[in-house]
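**Q** One file: upload_29.pdb (PDB, C-alpha atoms and all ligand atoms).
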```
ATOM      1  CA  MET A 245     -19.280  -7.019 -45.701  1.00  0.00           C
ATOM      2  CA  THR A 246     -17.292  -4.165 -44.237  1.00  0.00           C
ATOM      3  CA  LYS A 247     -15.060  -4.007 -41.207  1.00  0.00           C
ATOM      4  CA  LEU A 248     -16.643  -3.335 -37.832  1.00  0.00           C
ATOM      5  CA  TYR A 249     -15.140  -0.950 -35.287  1.00  0.00           C
ATOM      6  CA  ALA A 250     -16.010  -0.664 -31.597  1.00  0.00           C
ATOM      7  CA  ILE A 251     -15.451   1.418 -28.528  1.00  0.00           C
ATOM      8  CA  TYR A 252     -15.400  -0.958 -25.534  1.00  0.00           C
ATOM      9  CA  GLY A 253     -17.031   0.820 -22.573  1.00  0.00           C
ATOM     10  CA  ALA A 254     -19.986   3.185 -22.801  1.00  0.00           C
ATOM     11  CA  ALA A 255     -19.382   5.081 -19.559  1.00  0.00           C
ATOM     12  CA  GLY A 256     -17.559   8.439 -19.372  1.00  0.00           C
ATOM     13  CA  CYS A 257     -14.356   7.342 -21.025  1.00  0.00           C
ATOM     14  CA  GLY A 258     -16.065   5.516 -23.891  1.00  0.00           C
ATOM     15  CA  ARG A 259     -18.605   8.228 -24.655  1.00  0.00           C
ATOM     16  CA  SER A 260     -15.773  10.811 -24.736  1.00  0.00           C
ATOM     17  CA  LEU A 261     -13.632   8.693 -27.026  1.00  0.00           C
ATOM     18  CA  MET A 262     -16.392   7.861 -29.539  1.00  0.00           C
ATOM     19  CA  PRO A 263     -16.111  11.279 -31.265  1.00  0.00           C
ATOM     20  CA  VAL A 264     -12.332  10.746 -31.458  1.00  0.00           C
ATOM     21  CA  ALA A 265     -12.990   7.359 -33.065  1.00  0.00           C
ATOM     22  CA  ARG A 266     -15.305   8.974 -35.619  1.00  0.00           C
ATOM     23  CA  GLN A 267     -12.596  11.517 -36.497  1.00  0.00           C
ATOM     24  CA  GLN A 268     -10.169   8.641 -36.983  1.00  0.00           C
ATOM     25  CA  LEU A 269     -12.401   6.934 -39.567  1.00  0.00           C
ATOM     26  CA  VAL A 270     -13.267  10.183 -41.361  1.00  0.00           C
ATOM     27  CA  ARG A 271      -9.529  10.880 -41.793  1.00  0.00           C
ATOM     28  CA  GLU A 272      -9.108   7.404 -43.235  1.00  0.00           C
ATOM     29  CA  GLU A 273     -12.132   7.920 -45.531  1.00  0.00           C
ATOM     30  CA  ASN A 274     -13.559   4.790 -43.990  1.00  0.00           C
ATOM     31  CA  ALA A 275     -17.358   4.634 -43.880  1.00  0.00           C
ATOM     32  CA  SER A 276     -17.561   1.637 -41.519  1.00  0.00           C
ATOM     33  CA  GLU A 277     -19.860   1.573 -38.524  1.00  0.00           C
ATOM     34  CA  ILE A 278     -18.560   2.152 -34.984  1.00  0.00           C
ATOM     35  CA  VAL A 279     -20.528   0.520 -32.176  1.00  0.00           C
ATOM     36  CA  PHE A 280     -20.253   0.596 -28.404  1.00  0.00           C
ATOM     37  CA  ILE A 281     -19.569  -2.611 -26.469  1.00  0.00           C
ATOM     38  CA  ASP A 282     -20.636  -2.608 -22.839  1.00  0.00           C
ATOM     39  CA  ASP A 283     -21.238  -5.738 -20.805  1.00  0.00           C
ATOM     40  CA  SER A 284     -23.869  -4.034 -18.675  1.00  0.00           C
ATOM     41  CA  LEU A 285     -26.220  -4.090 -21.684  1.00  0.00           C
ATOM     42  CA  THR A 286     -28.713  -6.902 -22.029  1.00  0.00           C
ATOM     43  CA  GLU A 287     -30.047  -5.827 -25.409  1.00  0.00           C
ATOM     44  CA  ILE A 288     -28.961  -3.674 -28.330  1.00  0.00           C
ATOM     45  CA  ASN A 289     -29.468   0.015 -27.479  1.00  0.00           C
ATOM     46  CA  LEU A 290     -28.644   3.290 -29.156  1.00  0.00           C
ATOM     47  CA  ILE A 291     -26.109   5.482 -27.317  1.00  0.00           C
ATOM     48  CA  ASN A 292     -25.293   8.899 -28.772  1.00  0.00           C
ATOM     49  CA  GLY A 293     -26.438   7.637 -32.160  1.00  0.00           C
ATOM     50  CA  HIS A 294     -24.359   4.437 -32.132  1.00  0.00           C
ATOM     51  CA  ARG A 295     -25.550   0.856 -31.709  1.00  0.00           C
ATOM     52  CA  ALA A 296     -24.482  -0.461 -28.306  1.00  0.00           C
ATOM     53  CA  MET A 297     -24.311  -4.126 -27.296  1.00  0.00           C
ATOM     54  CA  ASN A 298     -22.570  -6.526 -24.944  1.00  0.00           C
ATOM     55  CA  TYR A 299     -19.457  -8.441 -25.985  1.00  0.00           C
ATOM     56  CA  GLN A 300     -21.292 -11.686 -26.771  1.00  0.00           C
ATOM     57  CA  VAL A 301     -23.599  -9.872 -29.182  1.00  0.00           C
ATOM     58  CA  PHE A 302     -20.597  -8.074 -30.709  1.00  0.00           C
ATOM     59  CA  LEU A 303     -18.886 -11.428 -31.274  1.00  0.00           C
ATOM     60  CA  ASN A 304     -21.949 -12.620 -33.194  1.00  0.00           C
ATOM     61  CA  GLU A 305     -21.957  -9.591 -35.503  1.00  0.00           C
ATOM     62  CA  SER A 306     -20.812 -10.694 -38.926  1.00  0.00           C
ATOM     63  CA  ALA A 307     -17.847  -8.707 -40.188  1.00  0.00           C
ATOM     64  CA  PRO A 308     -14.621  -9.941 -41.814  1.00  0.00           C
ATOM     65  CA  GLU A 309     -12.457  -7.919 -39.426  1.00  0.00           C
ATOM     66  CA  LYS A 310     -13.232  -6.330 -36.077  1.00  0.00           C
ATOM     67  CA  TYR A 311     -11.249  -3.597 -34.350  1.00  0.00           C
ATOM     68  CA  VAL A 312     -11.729  -2.501 -30.756  1.00  0.00           C
ATOM     69  CA  GLN A 313     -10.552   0.491 -28.758  1.00  0.00           C
ATOM     70  CA  ILE A 314     -10.784  -0.367 -25.054  1.00  0.00           C
ATOM     71  CA  ALA A 315     -12.106   2.905 -23.659  1.00  0.00           C
ATOM     72  CA  ILE A 316     -12.075   2.073 -19.960  1.00  0.00           C
ATOM     73  CA  ALA A 317      -9.930   4.115 -17.568  1.00  0.00           C
ATOM     74  CA  ASN A 318      -9.066   1.188 -15.266  1.00  0.00           C
ATOM     75  CA  SER A 319      -5.892  -0.235 -16.796  1.00  0.00           C
ATOM     76  CA  TYR A 320      -6.296  -3.683 -15.244  1.00  0.00           C
ATOM     77  CA  ILE A 321      -9.693  -4.035 -16.929  1.00  0.00           C
ATOM     78  CA  ARG A 322      -8.092  -2.853 -20.189  1.00  0.00           C
ATOM     79  CA  GLU A 323      -5.494  -5.602 -19.861  1.00  0.00           C
ATOM     80  CA  LYS A 324      -8.093  -8.279 -19.100  1.00  0.00           C
ATOM     81  CA  ILE A 325     -10.191  -7.252 -22.099  1.00  0.00           C
ATOM     82  CA  ALA A 326      -7.120  -6.996 -24.363  1.00  0.00           C
ATOM     83  CA  LYS A 327      -6.274 -10.628 -23.552  1.00  0.00           C
ATOM     84  CA  ARG A 328      -9.827 -11.736 -24.316  1.00  0.00           C
ATOM     85  CA  LEU A 329      -9.814  -9.858 -27.634  1.00  0.00           C
ATOM     86  CA  GLU A 330      -6.524 -11.472 -28.577  1.00  0.00           C
ATOM     87  CA  MET A 331      -7.921 -14.935 -27.866  1.00  0.00           C
ATOM     88  CA  ASP A 332     -10.943 -14.122 -30.019  1.00  0.00           C
ATOM     89  CA  GLY A 333      -8.796 -12.851 -32.917  1.00  0.00           C
ATOM     90  CA  ILE A 334     -10.030  -9.272 -32.637  1.00  0.00           C
ATOM     91  CA  ARG A 335      -7.559  -6.454 -33.262  1.00  0.00           C
ATOM     92  CA  LEU A 336      -6.800  -3.591 -30.876  1.00  0.00           C
ATOM     93  CA  TRP A 337      -7.640  -0.265 -32.508  1.00  0.00           C
ATOM     94  CA  SER A 338      -5.632   2.946 -31.994  1.00  0.00           C
ATOM     95  CA  ILE A 339      -7.485   6.216 -32.309  1.00  0.00           C
ATOM     96  CA  SER A 340      -6.369   9.830 -32.189  1.00  0.00           C
ATOM     97  CA  ALA A 341      -8.058  13.200 -32.430  1.00  0.00           C
ATOM     98  CA  ASP A 342      -7.556  15.411 -35.492  1.00  0.00           C
ATOM     99  CA  ASN A 343      -5.617  18.059 -33.606  1.00  0.00           C
ATOM    100  CA  ILE A 344      -2.973  16.008 -31.784  1.00  0.00           C
ATOM    101  CA  ILE A 345       0.692  16.797 -32.396  1.00  0.00           C
ATOM    102  CA  CYS A 346       3.125  13.939 -32.898  1.00  0.00           C
ATOM    103  CA  MET A 347       6.743  14.877 -33.626  1.00  0.00           C
ATOM    104  CA  ASP A 348       9.629  12.676 -34.816  1.00  0.00           C
ATOM    105  CA  GLY A 349      10.685   9.152 -33.937  1.00  0.00           C
ATOM    106  CA  ILE A 350       7.580   8.120 -32.039  1.00  0.00           C
ATOM    107  CA  GLU A 351       6.739   4.451 -31.501  1.00  0.00           C
ATOM    108  CA  ILE A 352       3.271   3.714 -30.104  1.00  0.00           C
ATOM    109  CA  ALA A 353       1.977   0.172 -29.692  1.00  0.00           C
ATOM    110  CA  GLU A 354      -1.572  -0.875 -30.603  1.00  0.00           C
ATOM    111  CA  GLY A 355      -4.708   0.209 -28.778  1.00  0.00           C
ATOM    112  CA  ALA A 356      -3.763   3.809 -27.934  1.00  0.00           C
ATOM    113  CA  ALA A 357      -6.319   6.587 -27.445  1.00  0.00           C
ATOM    114  CA  LEU A 358      -4.993  10.107 -27.936  1.00  0.00           C
ATOM    115  CA  SER A 359      -7.651  12.678 -27.044  1.00  0.00           C
ATOM    116  CA  PRO A 360      -7.935  16.227 -28.429  1.00  0.00           C
ATOM    117  CA  PHE A 361      -5.000  18.600 -27.766  1.00  0.00           C
ATOM    118  CA  VAL A 362      -2.542  15.841 -26.850  1.00  0.00           C
ATOM    119  CA  SER A 363       1.099  16.469 -27.847  1.00  0.00           C
ATOM    120  CA  ILE A 364       3.849  13.894 -28.092  1.00  0.00           C
ATOM    121  CA  THR A 365       7.257  15.307 -28.932  1.00  0.00           C
ATOM    122  CA  SER A 366      10.258  13.513 -30.367  1.00  0.00           C
ATOM    123  CA  ASN A 367      11.794  10.106 -29.685  1.00  0.00           C
ATOM    124  CA  VAL A 368       9.140   8.720 -27.414  1.00  0.00           C
ATOM    125  CA  LYS A 369       8.279   5.021 -27.012  1.00  0.00           C
ATOM    126  CA  ILE A 370       4.848   4.000 -25.707  1.00  0.00           C
ATOM    127  CA  GLY A 371       3.390   0.546 -24.952  1.00  0.00           C
ATOM    128  CA  LYS A 372      -0.022  -1.058 -25.504  1.00  0.00           C
ATOM    129  CA  CYS A 373      -3.399   0.577 -24.816  1.00  0.00           C
ATOM    130  CA  PHE A 374      -2.033   3.954 -23.691  1.00  0.00           C
ATOM    131  CA  HIS A 375      -4.660   6.531 -22.800  1.00  0.00           C
ATOM    132  CA  ALA A 376      -3.701  10.202 -23.020  1.00  0.00           C
ATOM    133  CA  ASN A 377      -6.667  12.332 -22.054  1.00  0.00           C
ATOM    134  CA  LEU A 378      -7.363  15.951 -23.127  1.00  0.00           C
ATOM    135  CA  TYR A 379      -4.412  18.378 -23.184  1.00  0.00           C
ATOM    136  CA  SER A 380      -1.832  15.896 -21.880  1.00  0.00           C
ATOM    137  CA  TYR A 381       1.699  15.988 -23.227  1.00  0.00           C
ATOM    138  CA  VAL A 382       4.641  13.613 -23.362  1.00  0.00           C
ATOM    139  CA  GLU A 383       8.001  15.313 -23.887  1.00  0.00           C
ATOM    140  CA  HIS A 384      11.147  14.008 -25.616  1.00  0.00           C
ATOM    141  CA  ASP A 385      12.854  10.717 -24.810  1.00  0.00           C
ATOM    142  CA  CYS A 386      10.149   9.330 -22.548  1.00  0.00           C
ATOM    143  CA  VAL A 387       9.555   5.587 -22.345  1.00  0.00           C
ATOM    144  CA  ILE A 388       6.034   4.576 -21.349  1.00  0.00           C
ATOM    145  CA  GLY A 389       5.013   0.978 -20.618  1.00  0.00           C
ATOM    146  CA  ASP A 390       1.820  -0.962 -21.314  1.00  0.00           C
ATOM    147  CA  PHE A 391      -1.644   0.059 -20.061  1.00  0.00           C
ATOM    148  CA  VAL A 392      -0.561   3.458 -18.759  1.00  0.00           C
ATOM    149  CA  THR A 393      -3.287   6.071 -18.198  1.00  0.00           C
ATOM    150  CA  PHE A 394      -3.017   9.848 -18.266  1.00  0.00           C
ATOM    151  CA  ALA A 395      -6.005  11.846 -16.993  1.00  0.00           C
ATOM    152  CA  PRO A 396      -6.442  15.309 -18.605  1.00  0.00           C
ATOM    153  CA  SER A 397      -3.594  17.863 -18.630  1.00  0.00           C
ATOM    154  CA  VAL A 398      -0.773  15.595 -17.509  1.00  0.00           C
ATOM    155  CA  LYS A 399       2.591  17.277 -18.004  1.00  0.00           C
ATOM    156  CA  CYS A 400       5.097  14.516 -18.594  1.00  0.00           C
ATOM    157  CA  ASN A 401       8.453  16.195 -19.241  1.00  0.00           C
ATOM    158  CA  GLY A 402      11.549  14.829 -20.985  1.00  0.00           C
ATOM    159  CA  ASN A 403      13.483  11.692 -20.042  1.00  0.00           C
ATOM    160  CA  ILE A 404      10.806  10.164 -17.845  1.00  0.00           C
ATOM    161  CA  HIS A 405      10.142   6.424 -17.744  1.00  0.00           C
ATOM    162  CA  ILE A 406       6.645   5.328 -16.747  1.00  0.00           C
ATOM    163  CA  GLU A 407       6.163   1.641 -16.063  1.00  0.00           C
ATOM    164  CA  ASP A 408       3.135  -0.572 -16.844  1.00  0.00           C
ATOM    165  CA  HIS A 409      -0.250   0.261 -15.319  1.00  0.00           C
ATOM    166  CA  ALA A 410       0.796   3.577 -13.778  1.00  0.00           C
ATOM    167  CA  TYR A 411      -2.049   6.103 -13.485  1.00  0.00           C
ATOM    168  CA  ILE A 412      -1.274   9.822 -13.633  1.00  0.00           C
ATOM    169  CA  GLY A 413      -4.037  12.096 -12.308  1.00  0.00           C
ATOM    170  CA  THR A 414      -5.386  15.313 -13.775  1.00  0.00           C
ATOM    171  CA  GLY A 415      -2.948  18.188 -13.973  1.00  0.00           C
ATOM    172  CA  ALA A 416      -0.003  16.315 -12.484  1.00  0.00           C
ATOM    173  CA  VAL A 417       3.423  17.692 -13.380  1.00  0.00           C
ATOM    174  CA  ILE A 418       6.387  15.325 -13.551  1.00  0.00           C
ATOM    175  CA  LYS A 419       9.882  16.800 -13.444  1.00  0.00           C
ATOM    176  CA  GLN A 420      12.175  15.905 -16.293  1.00  0.00           C
ATOM    177  CA  GLY A 421      14.920  13.354 -15.827  1.00  0.00           C
ATOM    178  CA  THR A 422      18.246  13.196 -17.634  1.00  0.00           C
ATOM    179  CA  PRO A 423      19.393  10.748 -20.304  1.00  0.00           C
ATOM    180  CA  ASP A 424      21.654   8.937 -17.822  1.00  0.00           C
ATOM    181  CA  LYS A 425      19.184   9.155 -14.917  1.00  0.00           C
ATOM    182  CA  PRO A 426      15.571   9.204 -16.079  1.00  0.00           C
ATOM    183  CA  LEU A 427      12.870   9.953 -13.519  1.00  0.00           C
ATOM    184  CA  VAL A 428      10.976   6.657 -13.079  1.00  0.00           C
ATOM    185  CA  ILE A 429       7.319   6.220 -12.171  1.00  0.00           C
ATOM    186  CA  GLY A 430       7.144   2.618 -10.973  1.00  0.00           C
ATOM    187  CA  LYS A 431       4.786  -0.121 -12.093  1.00  0.00           C
ATOM    188  CA  GLY A 432       1.196   0.424 -10.960  1.00  0.00           C
ATOM    189  CA  ALA A 433       2.004   3.679  -9.144  1.00  0.00           C
ATOM    190  CA  ILE A 434      -0.702   6.339  -8.856  1.00  0.00           C
ATOM    191  CA  VAL A 435       0.124  10.025  -9.105  1.00  0.00           C
ATOM    192  CA  GLY A 436      -2.663  12.102  -7.541  1.00  0.00           C
ATOM    193  CA  MET A 437      -4.260  15.014  -9.353  1.00  0.00           C
ATOM    194  CA  GLY A 438      -2.217  18.184  -9.258  1.00  0.00           C
ATOM    195  CA  ALA A 439       0.830  16.434  -7.812  1.00  0.00           C
ATOM    196  CA  VAL A 440       4.242  17.900  -8.566  1.00  0.00           C
ATOM    197  CA  VAL A 441       6.546  14.918  -8.904  1.00  0.00           C
ATOM    198  CA  THR A 442      10.173  15.916  -8.372  1.00  0.00           C
ATOM    199  CA  LYS A 443      11.797  12.504  -7.942  1.00  0.00           C
ATOM    200  CA  SER A 444      11.256   8.857  -8.903  1.00  0.00           C
ATOM    201  CA  VAL A 445       8.187   7.087  -7.532  1.00  0.00           C
ATOM    202  CA  PRO A 446       8.470   3.426  -6.390  1.00  0.00           C
ATOM    203  CA  PRO A 447       6.167   0.762  -7.873  1.00  0.00           C
ATOM    204  CA  GLY A 448       2.678   0.405  -6.412  1.00  0.00           C
ATOM    205  CA  VAL A 449       2.575   3.537  -4.243  1.00  0.00           C
ATOM    206  CA  THR A 450       0.328   6.604  -4.441  1.00  0.00           C
ATOM    207  CA  VAL A 451       1.940  10.039  -4.345  1.00  0.00           C
ATOM    208  CA  VAL A 452       0.150  13.349  -3.784  1.00  0.00           C
ATOM    209  CA  GLY A 453       0.953  17.013  -3.237  1.00  0.00           C
ATOM    210  CA  ASN A 454       3.716  19.490  -3.997  1.00  0.00           C
ATOM    211  CA  PRO A 455       6.360  18.201  -3.810  1.00  0.00           C
ATOM    212  CA  ALA A 456       4.718  14.809  -4.250  1.00  0.00           C
ATOM    213  CA  ARG A 457       5.073  12.480  -1.281  1.00  0.00           C
ATOM    214  CA  ILE A 458       3.972   8.899  -0.696  1.00  0.00           C
ATOM    215  CA  LEU A 459       0.478   8.665   0.759  1.00  0.00           C
ATOM    216  CA  GLU A 460       0.785   6.101   3.537  1.00  0.00           C
ATOM    217  CA  LYS A 461      -1.999   3.508   3.739  1.00  0.00           C
ATOM    218  CA  LYS A 462      -3.886   3.702   7.043  1.00  0.00           C
TER     219      LYS A 462
HETATM  220  N1  LIG B 501     -17.252  -2.690 -18.626  1.00  0.00           N
HETATM  221  C1  LIG B 501     -17.568  -3.714 -19.503  1.00  0.00           C
HETATM  222  N2  LIG B 501     -16.930  -4.920 -19.365  1.00  0.00           N
HETATM  223  C2  LIG B 501     -16.004  -5.166 -18.381  1.00  0.00           C
HETATM  224  C3  LIG B 501     -15.681  -4.114 -17.477  1.00  0.00           C
HETATM  225  C4  LIG B 501     -16.344  -2.890 -17.631  1.00  0.00           C
HETATM  226  O1  LIG B 501     -18.375  -3.525 -20.404  1.00  0.00           O
HETATM  227  O2  LIG B 501     -15.466  -6.288 -18.313  1.00  0.00           O
HETATM  228  C5  LIG B 501     -17.936  -1.397 -18.787  1.00  0.00           C
HETATM  229  C6  LIG B 501     -18.828  -1.050 -17.607  1.00  0.00           C
HETATM  230  O3  LIG B 501     -20.107  -1.624 -17.769  1.00  0.00           O
HETATM  231  C7  LIG B 501     -18.819   0.479 -17.653  1.00  0.00           C
HETATM  232  C8  LIG B 501     -17.477   0.812 -18.294  1.00  0.00           C
HETATM  233  O4  LIG B 501     -16.983  -0.372 -18.880  1.00  0.00           O
HETATM  234  O5  LIG B 501     -19.869   0.978 -18.450  1.00  0.00           O
HETATM  235  C9  LIG B 501     -16.454   1.295 -17.276  1.00  0.00           C
HETATM  236  O6  LIG B 501     -16.884   2.459 -16.762  1.00  0.00           O
HETATM  237  P1  LIG B 501     -16.306   3.197 -15.491  1.00  0.00           P
HETATM  238  O7  LIG B 501     -17.444   3.646 -14.688  1.00  0.00           O
HETATM  239  O8  LIG B 501     -15.239   2.374 -14.833  1.00  0.00           O
HETATM  240  O9  LIG B 501     -15.689   4.528 -16.057  1.00  0.00           O
HETATM  241  P2  LIG B 501     -14.721   4.987 -17.255  1.00  0.00           P
HETATM  242  O10 LIG B 501     -13.689   3.928 -17.475  1.00  0.00           O
HETATM  243  O11 LIG B 501     -15.606   5.228 -18.424  1.00  0.00           O
HETATM  244  O12 LIG B 501     -14.121   6.239 -16.750  1.00  0.00           O
END
```
Starting from the file, give its structure as structure tokens.
Ligand code: UDP
**A**
Amino acid sequence: MTKLYAIYGAAGCGRSLMPVARQQLVREENASEIVFIDDSLTEINLINGHRAMNYQVFLNESAPEKYVQIAIANSYIREKIAKRLEMDGIRLWSISADNIICMDGIEIAEGAALSPFVSITSNVKIGKCFHANLYSYVEHDCVIGDFVTFAPSVKCNGNIHIEDHAYIGTGAVIKQGTPDKPLVIGKGAIVGMGAVVTKSVPPGVTVVGNPARILEKK
């Protein structure tokens, strides 16, 4: 019996990360199967050439070890599923594309998904289940929490701290901080697409525009 690998989520995020997952196994010379898990499925289907099943069916698959990449953009769902996997003794699986760049002194916790053309420069610390979509970068000395999500082309410059569950929209640019005063994106904050963030963002708010300002709830 060989190990079984899965991409959890067969919507946009999951179907875009499956090829990244295949690259990961090819690099490791690992011939194991990768399946999709999606709870909307009532029976085993084939999606883009991979078997696809709901979580209950996945649990019943016999394999000595199971590894799962949670490929769902909503970070709160990623956290909920990560807890369930932990209870069921299933490991979080980190995947990265062949052409990413990772420099020195990088610490990334389990469950990360690094899409094609992602760059992470030196001395960066990243928490659980980080998603960095196409062409995003993380510059030196950043500290990123758990379940943080970068849409494509996020420009995260040096000395920025991003707290748990923050979501950074496509093409956002975040100004660099300094070692003694990092720019902080607070817990659960949302940075709108194309925003130019020039100062710290409080927890839980949404910022948009250039320079980015808090979007007041109506
Ligand atoms: N999903 C699931 N179990 C859950 C929550 C979500 O299988 O507990 C699946 C859901 O059926 C959907 C995908 O995860 O297919 C989430 O897709 P969404 O439309 O949110 O977009 P994406 O995260 O791919 O951008």
**Q** Counting only C-alpha atoms, which of A:Leu378, A:Ile288, A:Leu248, A:Val398 gets nearest to Ser276 (chain A)?
**A** A:Leu248
**Q** With distances taken over only C-alpha atoms, which residue among A:Ala353, A:Leu285, A:Leu427, A:Ile321 lies nearest His409 (chain A)?
**A**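 Counting only C-alpha atoms, the residue closest to His409 (chain A) is A:Ile321.
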**Q** Taking 6 positions as the minimum chain separation for residues in the same chain, which residues sit within 8 Å of Glu407 (chain A) when counting only C-alpha atoms? Answer as a PyMOL selection string.
**A** chain A and resi 388-390+392+428-432
**Q** Around (-24.6, -6.8, -16.0) in the file's own coordinates, what residues are found within 12 Å if you use only C-alpha atoms, given back as number ranges by chain?
**A** A: 282-287, 297-299
**Q** Env of Val362 (chain A): 6 Å cut, atoms = all atoms listed in the file, seq-sep filter 4 positions within chain, self excluded. Answer as a list in words.
**A** Ile344, Tyr379, Ser380 and Tyr381 of chain A
**Q** Apply the PyMOL selection byres (((not hetatm)) within 12 of (chain B and resi 501)) to the file shown and report the selected residues as a compact mmCIF listing (two decimals) with C-alpha atoms, keeping the file's coordinate frame.
**A**
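Below is the file that was written, selection_19.txt:
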```
# COMPACT_ATOMS: atom_id res chain seq x y z
CA ALA A 250 -16.01 -0.66 -31.60
CA ILE A 251 -15.45 1.42 -28.53
CA TYR A 252 -15.40 -0.96 -25.53
CA GLY A 253 -17.03 0.82 -22.57
CA ALA A 254 -19.99 3.18 -22.80
CA ALA A 255 -19.38 5.08 -19.56
CA GLY A 256 -17.56 8.44 -19.37
CA CYS A 257 -14.36 7.34 -21.02
CA GLY A 258 -16.07 5.52 -23.89
CA ARG A 259 -18.60 8.23 -24.66
CA SER A 260 -15.77 10.81 -24.74
CA LEU A 261 -13.63 8.69 -27.03
CA MET A 262 -16.39 7.86 -29.54
CA PHE A 280 -20.25 0.60 -28.40
CA ILE A 281 -19.57 -2.61 -26.47
CA ASP A 282 -20.64 -2.61 -22.84
CA ASP A 283 -21.24 -5.74 -20.80
CA SER A 284 -23.87 -4.03 -18.68
CA LEU A 285 -26.22 -4.09 -21.68
CA THR A 286 -28.71 -6.90 -22.03
CA ILE A 291 -26.11 5.48 -27.32
CA ALA A 296 -24.48 -0.46 -28.31
CA MET A 297 -24.31 -4.13 -27.30
CA ASN A 298 -22.57 -6.53 -24.94
CA TYR A 299 -19.46 -8.44 -25.98
CA GLN A 300 -21.29 -11.69 -26.77
CA PHE A 302 -20.60 -8.07 -30.71
CA GLN A 313 -10.55 0.49 -28.76
CA ILE A 314 -10.78 -0.37 -25.05
CA ALA A 315 -12.11 2.90 -23.66
CA ILE A 316 -12.08 2.07 -19.96
CA ALA A 317 -9.93 4.12 -17.57
CA ASN A 318 -9.07 1.19 -15.27
CA SER A 319 -5.89 -0.24 -16.80
CA TYR A 320 -6.30 -3.68 -15.24
CA ILE A 321 -9.69 -4.04 -16.93
CA ARG A 322 -8.09 -2.85 -20.19
CA GLU A 323 -5.49 -5.60 -19.86
CA LYS A 324 -8.09 -8.28 -19.10
CA ILE A 325 -10.19 -7.25 -22.10
CA ALA A 326 -7.12 -7.00 -24.36
CA LYS A 327 -6.27 -10.63 -23.55
CA ARG A 328 -9.83 -11.74 -24.32
CA LEU A 329 -9.81 -9.86 -27.63
CA HIS A 375 -4.66 6.53 -22.80
CA ASN A 377 -6.67 12.33 -22.05
CA THR A 393 -3.29 6.07 -18.20
CA PHE A 394 -3.02 9.85 -18.27
CA ALA A 395 -6.00 11.85 -16.99
```
